[in-house]
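Chemist: Quick one, final38.pdb (PDB, C-alpha atoms, pLDDT in the B column):
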ATOM      1  CA  MET A  19     -54.198 210.888  71.836  1.00 53.00           C
ATOM      2  CA  ILE A  20     -56.783 210.303  69.113  1.00 58.00           C
ATOM      3  CA  THR A  21     -54.140 210.832  66.416  1.00 61.00           C
ATOM      4  CA  ARG A  22     -51.991 208.098  67.927  1.00 60.00           C
ATOM      5  CA  ARG A  23     -54.921 205.650  67.853  1.00 59.00           C
ATOM      6  CA  VAL A  24     -55.722 206.557  64.259  1.00 50.00           C
ATOM      7  CA  PHE A  25     -52.061 206.048  63.353  1.00 55.00           C
ATOM      8  CA  VAL A  26     -51.936 202.601  65.030  1.00 56.00           C
ATOM      9  CA  VAL A  27     -55.174 201.497  63.355  1.00 54.00           C
ATOM     10  CA  GLY A  28     -53.907 202.801  60.015  1.00 59.00           C
ATOM     11  CA  CYS A  29     -50.613 200.909  60.367  1.00 59.00           C
ATOM     12  CA  ALA A  30     -52.442 197.711  61.302  1.00 57.00           C
ATOM     13  CA  ALA A  31     -54.724 198.032  58.290  1.00 55.00           C
ATOM     14  CA  ALA A  32     -51.816 198.762  55.963  1.00 56.00           C
ATOM     15  CA  THR A  33     -49.746 195.773  57.078  1.00 57.00           C
ATOM     16  CA  SER A  34     -52.680 193.373  56.920  1.00 54.00           C
ATOM     17  CA  ALA A  35     -53.551 194.606  53.435  1.00 52.00           C
ATOM     18  CA  CYS A  36     -50.078 193.752  52.140  1.00 56.00           C
ATOM     19  CA  GLY A  37     -50.313 190.180  53.482  1.00 54.00           C
ATOM     20  CA  PHE A  38     -48.210 190.671  56.617  1.00 53.00           C
ATOM     21  CA  HIS A  39     -48.839 188.151  59.383  1.00 53.00           C
ATOM     22  CA  PRO A  40     -46.680 186.682  62.166  1.00 56.00           C
ATOM     23  CA  VAL A  41     -44.775 183.550  61.146  1.00 53.00           C
ATOM     24  CA  TYR A  42     -44.410 181.921  64.551  1.00 48.00           C
ATOM     25  CA  GLY A  43     -44.915 182.703  68.209  1.00 49.00           C
ATOM     26  CA  THR A  44     -47.855 182.992  70.520  1.00 44.00           C
ATOM     27  CA  VAL A  45     -49.765 185.232  68.112  1.00 39.00           C
ATOM     28  CA  SER A  46     -49.804 182.645  65.306  1.00 45.00           C
ATOM     29  CA  ALA A  47     -51.042 179.240  66.346  1.00 51.00           C
ATOM     30  CA  GLY A  48     -51.665 178.091  62.788  1.00 58.00           C
ATOM     31  CA  ALA A  49     -50.434 175.099  60.823  1.00 61.00           C
ATOM     32  CA  GLY A  50     -46.873 176.445  60.580  1.00 66.00           C
ATOM     33  CA  GLN A  51     -46.539 176.723  64.352  1.00 71.00           C
ATOM     34  CA  ALA A  52     -47.920 173.224  64.868  1.00 76.00           C
ATOM     35  CA  ARG A  53     -45.470 171.819  62.332  1.00 86.00           C
ATOM     36  CA  LEU A  54     -42.515 173.468  64.089  1.00 89.00           C
ATOM     37  CA  ALA A  55     -43.283 171.305  67.123  1.00 89.00           C
ATOM     38  CA  GLU A  56     -42.949 168.217  64.886  1.00 91.00           C
ATOM     39  CA  VAL A  57     -39.236 168.880  64.218  1.00 93.00           C
ATOM     40  CA  TYR A  58     -36.631 166.700  65.934  1.00 93.00           C
ATOM     41  CA  VAL A  59     -33.283 168.479  66.335  1.00 94.00           C
ATOM     42  CA  GLY A  60     -30.373 166.095  65.828  1.00 93.00           C
ATOM     43  CA  LEU A  61     -27.305 166.043  68.050  1.00 95.00           C
ATOM     44  CA  ILE A  62     -24.699 168.755  67.457  1.00 95.00           C
ATOM     45  CA  PRO A  63     -21.174 168.024  68.756  1.00 92.00           C
ATOM     46  CA  ASN A  64     -19.185 170.136  71.242  1.00 92.00           C
ATOM     47  CA  ARG A  65     -20.406 172.589  73.866  1.00 91.00           C
ATOM     48  CA  PRO A  66     -21.415 175.435  71.503  1.00 92.00           C
ATOM     49  CA  GLY A  67     -23.338 172.877  69.439  1.00 93.00           C
ATOM     50  CA  GLN A  68     -25.141 171.669  72.556  1.00 95.00           C
ATOM     51  CA  LEU A  69     -26.120 175.250  73.369  1.00 95.00           C
ATOM     52  CA  LEU A  70     -27.450 175.667  69.821  1.00 96.00           C
ATOM     53  CA  ARG A  71     -29.457 172.425  70.039  1.00 95.00           C
ATOM     54  CA  GLN A  72     -31.015 173.476  73.348  1.00 95.00           C
ATOM     55  CA  ALA A  73     -31.942 176.894  71.938  1.00 95.00           C
ATOM     56  CA  LEU A  74     -33.484 175.265  68.852  1.00 96.00           C
ATOM     57  CA  GLN A  75     -35.470 172.811  70.951  1.00 93.00           C
ATOM     58  CA  ALA A  76     -36.822 175.663  73.078  1.00 92.00           C
ATOM     59  CA  ARG A  77     -37.980 177.558  69.981  1.00 91.00           C
ATOM     60  CA  LEU A  78     -39.357 174.649  67.988  1.00 90.00           C
ATOM     61  CA  GLU A  79     -40.941 172.468  70.632  1.00 81.00           C
ATOM     62  CA  GLY A  80     -42.112 175.240  72.920  1.00 69.00           C
ATOM     63  CA  SER A  81     -44.502 173.783  75.452  1.00 58.00           C
ATOM     64  CA  SER A  82     -45.402 170.759  73.290  1.00 65.00           C
ATOM     65  CA  ALA A  83     -42.350 168.498  73.671  1.00 66.00           C
ATOM     66  CA  ASP A  84     -44.557 165.404  73.488  1.00 78.00           C
ATOM     67  CA  THR A  85     -45.645 166.070  69.874  1.00 79.00           C
ATOM     68  CA  PRO A  86     -44.722 163.170  67.536  1.00 87.00           C
ATOM     69  CA  LYS A  87     -41.758 164.065  65.332  1.00 89.00           C
ATOM     70  CA  ARG A  88     -42.318 163.981  61.552  1.00 91.00           C
ATOM     71  CA  TYR A  89     -39.293 166.070  60.556  1.00 93.00           C
ATOM     72  CA  SER A  90     -35.603 165.850  61.358  1.00 94.00           C
ATOM     73  CA  LEU A  91     -33.315 168.880  61.481  1.00 96.00           C
ATOM     74  CA  SER A  92     -29.609 168.251  60.851  1.00 96.00           C
ATOM     75  CA  VAL A  93     -27.277 171.066  61.846  1.00 97.00           C
ATOM     76  CA  GLY A  94     -23.582 171.433  61.110  1.00 96.00           C
ATOM     77  CA  PHE A  95     -21.844 173.942  63.336  1.00 95.00           C
ATOM     78  CA  ALA A  96     -18.533 175.756  62.879  1.00 95.00           C
ATOM     79  CA  GLU A  97     -16.922 178.405  65.020  1.00 92.00           C
ATOM     80  CA  SER A  98     -13.876 180.565  64.416  1.00 91.00           C
ATOM     81  CA  VAL A  99     -12.173 183.090  66.655  1.00 87.00           C
ATOM     82  CA  GLN A 100     -10.168 186.043  65.387  1.00 87.00           C
ATOM     83  CA  GLY A 101      -7.849 188.001  67.639  1.00 85.00           C
ATOM     84  CA  LEU A 102      -8.250 191.769  67.363  1.00 84.00           C
ATOM     85  CA  ASN A 103      -6.303 194.682  68.798  1.00 80.00           C
ATOM     86  CA  VAL A 104      -2.939 192.939  68.600  1.00 81.00           C
ATOM     87  CA  GLN A 105      -0.427 194.371  71.056  1.00 83.00           C
ATOM     88  CA  ALA A 106       3.358 194.679  70.670  1.00 85.00           C
ATOM     89  CA  ASP A 107       3.874 191.357  72.483  1.00 85.00           C
ATOM     90  CA  ASN A 108       1.450 189.605  70.018  1.00 80.00           C
ATOM     91  CA  SER A 109      -1.290 189.309  72.637  1.00 79.00           C
ATOM     92  CA  THR A 110      -4.807 190.421  71.779  1.00 80.00           C
ATOM     93  CA  THR A 111      -7.249 192.473  73.809  1.00 82.00           C
ATOM     94  CA  ARG A 112     -10.409 191.497  71.936  1.00 83.00           C
ATOM     95  CA  ASN A 113     -11.660 188.382  70.189  1.00 84.00           C
ATOM     96  CA  ARG A 114     -14.226 188.205  67.400  1.00 89.00           C
ATOM     97  CA  ASP A 115     -16.230 184.977  67.432  1.00 91.00           C
ATOM     98  CA  ILE A 116     -17.905 183.943  64.162  1.00 93.00           C
ATOM     99  CA  SER A 117     -20.374 181.052  64.273  1.00 95.00           C
ATOM    100  CA  THR A 118     -21.975 179.420  61.254  1.00 96.00           C
ATOM    101  CA  ALA A 119     -24.711 176.799  61.255  1.00 97.00           C
ATOM    102  CA  THR A 120     -25.689 174.975  58.084  1.00 97.00           C
ATOM    103  CA  TRP A 121     -28.979 173.155  58.432  1.00 97.00           C
ATOM    104  CA  SER A 122     -31.241 170.886  56.451  1.00 97.00           C
ATOM    105  CA  LEU A 123     -34.759 169.651  57.104  1.00 96.00           C
ATOM    106  CA  HIS A 124     -35.768 166.087  56.241  1.00 96.00           C
ATOM    107  CA  LEU A 125     -38.728 163.813  56.778  1.00 94.00           C
ATOM    108  CA  VAL A 126     -38.102 161.249  59.493  1.00 91.00           C
ATOM    109  CA  ASP A 127     -39.484 158.572  57.126  1.00 91.00           C
ATOM    110  CA  ASN A 128     -37.320 159.688  54.178  1.00 89.00           C
ATOM    111  CA  PRO A 129     -34.051 161.256  55.369  1.00 86.00           C
ATOM    112  CA  ALA A 130     -32.594 161.238  51.843  1.00 89.00           C
ATOM    113  CA  ALA A 131     -35.001 163.922  50.602  1.00 89.00           C
ATOM    114  CA  THR A 132     -34.137 167.446  51.717  1.00 93.00           C
ATOM    115  CA  LEU A 133     -37.225 169.620  52.217  1.00 94.00           C
ATOM    116  CA  ALA A 134     -35.419 172.849  53.107  1.00 95.00           C
ATOM    117  CA  SER A 135     -31.896 173.964  53.897  1.00 96.00           C
ATOM    118  CA  GLY A 136     -30.001 177.094  54.733  1.00 96.00           C
ATOM    119  CA  THR A 137     -27.187 178.791  56.582  1.00 97.00           C
ATOM    120  CA  ALA A 138     -27.300 180.968  59.681  1.00 97.00           C
ATOM    121  CA  ARG A 139     -24.405 183.144  60.800  1.00 96.00           C
ATOM    122  CA  SER A 140     -23.680 185.106  63.946  1.00 95.00           C
ATOM    123  CA  LEU A 141     -20.883 187.492  64.828  1.00 93.00           C
ATOM    124  CA  ASP A 142     -20.043 188.509  68.389  1.00 91.00           C
ATOM    125  CA  GLY A 143     -16.997 189.458  70.412  1.00 86.00           C
ATOM    126  CA  TYR A 144     -15.538 189.825  73.855  1.00 82.00           C
ATOM    127  CA  ASN A 145     -12.698 191.699  75.521  1.00 81.00           C
ATOM    128  CA  ILE A 146      -9.684 190.012  77.071  1.00 80.00           C
ATOM    129  CA  LEU A 147      -8.458 191.799  80.143  1.00 77.00           C
ATOM    130  CA  ASP A 148      -4.799 191.476  81.044  1.00 71.00           C
ATOM    131  CA  GLU A 149      -4.200 188.672  83.584  1.00 67.00           C
ATOM    132  CA  GLN A 150      -7.951 187.937  83.774  1.00 67.00           C
ATOM    133  CA  PHE A 151      -8.150 184.424  82.273  1.00 68.00           C
ATOM    134  CA  PHE A 152     -11.184 183.400  84.329  1.00 69.00           C
ATOM    135  CA  TYR A 153     -13.054 186.476  83.099  1.00 68.00           C
ATOM    136  CA  ALA A 154     -12.097 185.706  79.494  1.00 69.00           C
ATOM    137  CA  THR A 155     -13.431 182.151  79.858  1.00 79.00           C
ATOM    138  CA  LEU A 156     -16.740 183.434  81.243  1.00 83.00           C
ATOM    139  CA  GLU A 157     -16.989 186.011  78.464  1.00 83.00           C
ATOM    140  CA  GLN A 158     -16.298 183.356  75.831  1.00 83.00           C
ATOM    141  CA  GLU A 159     -19.033 181.114  77.270  1.00 89.00           C
ATOM    142  CA  GLU A 160     -21.516 183.988  77.349  1.00 91.00           C
ATOM    143  CA  THR A 161     -20.627 184.881  73.750  1.00 90.00           C
ATOM    144  CA  GLN A 162     -21.266 181.274  72.703  1.00 92.00           C
ATOM    145  CA  ARG A 163     -24.638 181.367  74.469  1.00 94.00           C
ATOM    146  CA  ARG A 164     -25.631 184.628  72.735  1.00 94.00           C
ATOM    147  CA  GLN A 165     -24.580 183.227  69.378  1.00 95.00           C
ATOM    148  CA  ALA A 166     -26.539 180.007  69.932  1.00 96.00           C
ATOM    149  CA  GLU A 167     -29.636 182.120  70.639  1.00 96.00           C
ATOM    150  CA  ALA A 168     -29.079 184.239  67.518  1.00 96.00           C
ATOM    151  CA  LEU A 169     -28.498 181.196  65.286  1.00 97.00           C
ATOM    152  CA  ALA A 170     -31.546 179.424  66.733  1.00 96.00           C
ATOM    153  CA  ASN A 171     -33.682 182.502  66.029  1.00 96.00           C
ATOM    154  CA  GLN A 172     -32.527 182.591  62.403  1.00 96.00           C
ATOM    155  CA  ILE A 173     -33.113 178.862  61.856  1.00 96.00           C
ATOM    156  CA  ALA A 174     -36.514 178.879  63.581  1.00 94.00           C
ATOM    157  CA  LEU A 175     -37.585 181.850  61.469  1.00 93.00           C
ATOM    158  CA  ALA A 176     -36.477 180.116  58.259  1.00 94.00           C
ATOM    159  CA  LEU A 177     -38.334 176.943  59.251  1.00 94.00           C
ATOM    160  CA  GLY A 178     -41.404 178.973  60.170  1.00 91.00           C
ATOM    161  CA  VAL A 179     -41.360 180.631  56.750  1.00 90.00           C
ATOM    162  CA  TYR A 180     -40.974 177.235  55.065  1.00 92.00           C
ATOM    163  CA  PHE A 181     -43.866 175.711  57.002  1.00 90.00           C
ATOM    164  CA  ASP A 182     -45.993 178.819  56.485  1.00 87.00           C
ATOM    165  CA  ARG A 183     -45.456 178.677  52.716  1.00 87.00           C
ATOM    166  CA  THR A 184     -46.217 174.965  52.554  1.00 85.00           C
ATOM    167  CA  ALA A 185     -49.144 175.070  55.021  1.00 74.00           C
ATOM    168  CA  GLY A 186     -51.745 174.975  52.242  1.00 61.00           C
ATOM    169  CA  ALA A 187     -49.989 172.151  50.421  1.00 61.00           C
ATOM    170  CA  LYS A 188     -50.446 168.536  51.365  1.00 55.00           C
ATOM    171  CA  ALA A 189     -47.742 167.501  53.829  1.00 52.00           C
ATOM    172  CA  PRO A 190     -45.179 165.178  52.210  1.00 54.00           C
ATOM    173  CA  GLY A 191     -45.035 161.622  53.334  1.00 50.00           C
TER     174      GLY A 191
END
Can I see the file as structure tokens?
Modeler:
Amino acid sequence: MITRRVFVVGCAAATSACGFHPVYGTVSAGAGQARLAEVYVGLIPNRPGQLLRQALQARLEGSSADTPKRYSLSVGFAESVQGLNVQADNSTTRNRDISTATWSLHLVDNPAATLASGTARSLDGYNILDEQFFYATLEQEETQRRQAEALANQIALALGVYFDRTAGAKAPG
């Protein structure tokens, strides 16, 4: 039992010595976290885009939805579906869903200047059971929801890193 405690303390000391610290979340309530709440997420068309926007808002705003918005996040969303396991009658038994979100962060006051940008990508899939179209629709919707969550996590992490790196610098504007 003592060895486990020594190991945990040693790991904590080692990671803090190399500069490791949480970027966002409940553990880090620093300047980067506060600036995430200042990001307005623009509209994203279609149902998967709406799911992505909701997931981003949940991660960025958290419990402080009333924070004034200084930044604007523009997101372009694309989705493609590939049929896998092609049968003799050209039907497929599995679909691969690939979602890509390209994003850019701007100041609300100066939308022409891009502060940060990037691309997030998610890959997921679902089975198609013979004669089970309702099931396939539900599986597709759940896949879109999982991908929206994964893309939102990637974008929020990238924004957190950006804000963490620029926390010491004077905020533009």
Chemist: Please write the residues picked by the PyMOL selection byres ((chain A and resi 135) around 7) on this file as a list in words.
Modeler: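 This file, filtered by the PyMOL selection byres ((chain A and resi 135) around 7), leaves Trp121, Ser122, Leu123, Ala134 and Gly136 of chain A.
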Chemist: Would you save the residues from that selection as a CSV table (one decimal), keeping the file's coordinate frame, using C-alpha atoms?
Modeler:
chain,number,residue,atom,x,y,z
A,121,TRP,CA,-29.0,173.2,58.4
A,122,SER,CA,-31.2,170.9,56.5
A,123,LEU,CA,-34.8,169.7,57.1
A,134,ALA,CA,-35.4,172.8,53.1
A,136,GLY,CA,-30.0,177.1,54.7
Chemist: Between A:Leu69, A:Thr137, A:Asp142, A:Leu91, which one has atoms that come closest to A:Val57, using all atoms listed in the file?
Modeler: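 With all atoms listed in the file as the atom set, the closest residue is A:Leu91.
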Chemist: Atom CA of A:Ala174 and atom CA of A:Ala138 are how many Å apart?
Modeler: 10.2 Å
Chemist: Measuring between only C-alpha atoms, which one of A:Gln100, A:Phe95, A:Ser90, A:Gly60 shows the shortest distance to A:Ala131?
Modeler: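 Of the candidates, the smallest distance to A:Ala131 is held by A:Ser90.
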Chemist: So what do you get for atom CA of A:Glu79 versus atom CA of A:Ala55, distance-wise?
Modeler: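 Interatomic distance here is 4.4 Å.
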Chemist: With distances taken over all atoms listed in the file, which residue among A:Ala130, A:Ala76, A:Ile116, A:Val104 lies nearest A:Tyr58?
Modeler: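 Closest to A:Tyr58 of all the choices is A:Ala76.
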Chemist: Using all atoms listed in the file, which of A:Thr118, A:Gly94, A:Asn103, A:Tyr89 sits nearest A:Thr132?
Modeler: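 Of the candidates, the smallest distance to A:Thr132 is held by A:Tyr89.
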Chemist: Pick from A:Gly101, A:Ala119, A:Glu56, A:Pro86: nearest to A:Asn171, with only C-alpha atoms counted?
Modeler: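 Using only C-alpha atoms, the shortest distance to A:Asn171 belongs to A:Ala119.
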Chemist: Residues picked by the PyMOL selection byres ((chain A and resi 177) around 9) here, as a list in words?
Modeler: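 In the shown coordinates, the PyMOL selection byres ((chain A and resi 177) around 9) covers Gly50, Leu54, Leu123, Ala134, Ser135, Gln172, Ile173, Ala174, Leu175, Ala176, Gly178, Val179, Tyr180, Phe181 and Asp182 of chain A.
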Chemist: Export, as a short mmCIF file (atom, residue, chain, number, x, y, z; two decimals), keeping the file's coordinate frame, the selected residues with C-alpha atoms.
Modeler:
data_model
loop_
_atom_site.label_atom_id
_atom_site.label_comp_id
_atom_site.auth_asym_id
_atom_site.auth_seq_id
_atom_site.Cartn_x
_atom_site.Cartn_y
_atom_site.Cartn_z
CA GLY A 50 -46.87 176.44 60.58
CA LEU A 54 -42.52 173.47 64.09
CA LEU A 123 -34.76 169.65 57.10
CA ALA A 134 -35.42 172.85 53.11
CA SER A 135 -31.90 173.96 53.90
CA GLN A 172 -32.53 182.59 62.40
CA ILE A 173 -33.11 178.86 61.86
CA ALA A 174 -36.51 178.88 63.58
CA LEU A 175 -37.58 181.85 61.47
CA ALA A 176 -36.48 180.12 58.26
CA GLY A 178 -41.40 178.97 60.17
CA VAL A 179 -41.36 180.63 56.75
CA TYR A 180 -40.97 177.24 55.06
CA PHE A 181 -43.87 175.71 57.00
CA ASP A 182 -45.99 178.82 56.48
#
Chemist: Which one is closest to A:Asp148: A:Thr111, A:Ser98, A:Ser92, A:Thr85? Count only C-alpha atoms.
Modeler: A:Thr111
Chemist: What does the distance from atom CA of A:Val126 to atom CA of A:Ala168 come to in Å, to one decimal?
Modeler: 26.0 Å
Chemist: Determine, counting only C-alpha atoms, which protein, DNA and RNA residues have an atom within 9 Å of an atom of A:Arg71; residues of the same chain fewer than 4 positions away are not included. Present the result as a VMD selection string.
Modeler: chain A and resid 59 to 62 66 to 67 75 to 76 93 166 170
Chemist: Quick one: axis-aligned box around all listed atoms of stretch 66-76 of chain A, 4 Å on every side, centre and edge lengths in Å to one decimal, written as JSON.
Modeler:
{"center_x": -29.1, "center_y": 174.3, "center_z": 71.1, "size_x": 23.4, "size_y": 13.2, "size_z": 12.5}
Chemist: Neighbouring residues of A:Gly143 were defined as those with any atom within 9 Å, considering only C-alpha atoms; residues of the same chain fewer than 3 positions away were excluded. Please report them as a VMD selection string.
Modeler: chain A and resid 99 112 to 116 157 to 158 161
Chemist: Would you please take stretch 87-180 of chain A of the structure in the block above and write C-alpha atoms to a file as a compact mmCIF listing (two decimals), in the first residue's frame?
Modeler:
# COMPACT_ATOMS: atom_id res chain seq x y z
CA LYS A 87 -18.76 36.79 -26.16
CA ARG A 88 -15.43 38.19 -27.40
CA TYR A 89 -14.60 35.41 -29.86
CA SER A 90 -16.50 33.80 -32.70
CA LEU A 91 -15.98 30.19 -33.78
CA SER A 92 -16.86 29.34 -37.39
CA VAL A 93 -17.18 25.65 -38.17
CA GLY A 94 -17.53 23.98 -41.55
CA PHE A 95 -18.85 20.45 -41.36
CA ALA A 96 -18.68 17.62 -43.90
CA GLU A 97 -19.83 14.04 -43.60
CA SER A 98 -19.31 11.07 -45.88
CA VAL A 99 -20.62 7.53 -45.65
CA GLN A 100 -18.87 4.52 -47.13
CA GLY A 101 -20.63 1.20 -47.57
CA LEU A 102 -18.63 -1.78 -46.33
CA ASN A 103 -19.17 -5.52 -46.56
CA VAL A 104 -20.79 -5.39 -49.99
CA GLN A 105 -23.01 -8.40 -50.64
CA ALA A 106 -23.71 -10.16 -53.96
CA ASP A 107 -26.85 -8.05 -54.48
CA ASN A 108 -24.79 -4.81 -54.00
CA SER A 109 -26.29 -4.15 -50.57
CA THR A 110 -24.01 -3.36 -47.65
CA THR A 111 -24.08 -4.68 -44.11
CA ARG A 112 -21.95 -1.96 -42.52
CA ASN A 113 -21.45 1.75 -43.07
CA ARG A 114 -18.39 3.80 -42.18
CA ASP A 115 -19.21 7.41 -41.33
CA ILE A 116 -16.39 9.96 -41.65
CA SER A 117 -16.99 13.45 -40.27
CA THR A 118 -14.66 16.40 -40.70
CA ALA A 119 -14.96 19.81 -39.08
CA THR A 120 -12.78 22.71 -40.15
CA TRP A 121 -12.86 25.57 -37.69
CA SER A 122 -11.49 29.05 -37.26
CA LEU A 123 -11.50 31.41 -34.30
CA HIS A 124 -12.02 35.15 -34.79
CA LEU A 125 -12.56 38.20 -32.64
CA VAL A 126 -16.17 39.34 -32.65
CA ASP A 127 -14.91 42.91 -33.25
CA ASN A 128 -12.60 41.89 -36.12
CA PRO A 129 -13.92 38.82 -37.95
CA ALA A 130 -11.39 39.24 -40.77
CA ALA A 131 -8.43 38.31 -38.55
CA THR A 132 -8.10 34.60 -37.84
CA LEU A 133 -6.63 33.90 -34.40
CA ALA A 134 -6.52 30.10 -34.66
CA SER A 135 -7.78 27.43 -37.01
CA GLY A 136 -7.70 23.69 -37.41
CA THR A 137 -9.38 20.51 -38.52
CA ALA A 138 -11.02 17.79 -36.45
CA ARG A 139 -11.90 14.37 -37.83
CA SER A 140 -13.93 11.47 -36.51
CA LEU A 141 -14.49 7.98 -37.85
CA ASP A 142 -17.31 5.72 -36.70
CA GLY A 143 -19.54 3.03 -38.13
CA TYR A 144 -22.74 1.10 -37.74
CA ASN A 145 -24.20 -2.20 -38.91
CA ILE A 146 -27.17 -2.48 -41.24
CA LEU A 147 -29.36 -5.42 -40.42
CA ASP A 148 -31.38 -6.96 -43.23
CA GLU A 149 -34.94 -5.54 -43.36
CA GLN A 150 -34.28 -3.38 -40.27
CA PHE A 151 -34.48 0.16 -41.72
CA PHE A 152 -35.74 1.73 -38.49
CA TYR A 153 -32.78 0.24 -36.62
CA ALA A 154 -30.36 1.54 -39.26
CA THR A 155 -31.81 5.05 -38.92
CA LEU A 156 -31.41 4.95 -35.13
CA GLU A 157 -27.86 3.65 -35.47
CA GLN A 158 -27.00 6.40 -37.95
CA GLU A 159 -28.36 9.06 -35.58
CA GLU A 160 -26.42 7.63 -32.65
CA THR A 161 -23.25 7.53 -34.78
CA GLN A 162 -23.75 11.20 -35.68
CA ARG A 163 -24.17 12.03 -31.99
CA ARG A 164 -20.97 10.16 -31.04
CA GLN A 165 -19.07 11.89 -33.82
CA ALA A 166 -20.34 15.32 -32.77
CA GLU A 167 -19.07 14.62 -29.24
CA ALA A 168 -15.68 13.47 -30.54
CA LEU A 169 -15.29 16.48 -32.86
CA ALA A 170 -16.36 18.87 -30.09
CA ASN A 171 -13.77 17.34 -27.75
CA GLN A 172 -11.01 17.82 -30.34
CA ILE A 173 -12.00 21.43 -31.09
CA ALA A 174 -12.41 22.36 -27.41
CA LEU A 175 -9.00 20.88 -26.64
CA ALA A 176 -7.38 22.82 -29.49
CA LEU A 177 -9.04 26.05 -28.32
CA GLY A 178 -7.99 25.34 -24.75
CA VAL A 179 -4.39 24.89 -25.87
CA TYR A 180 -4.56 28.13 -27.87
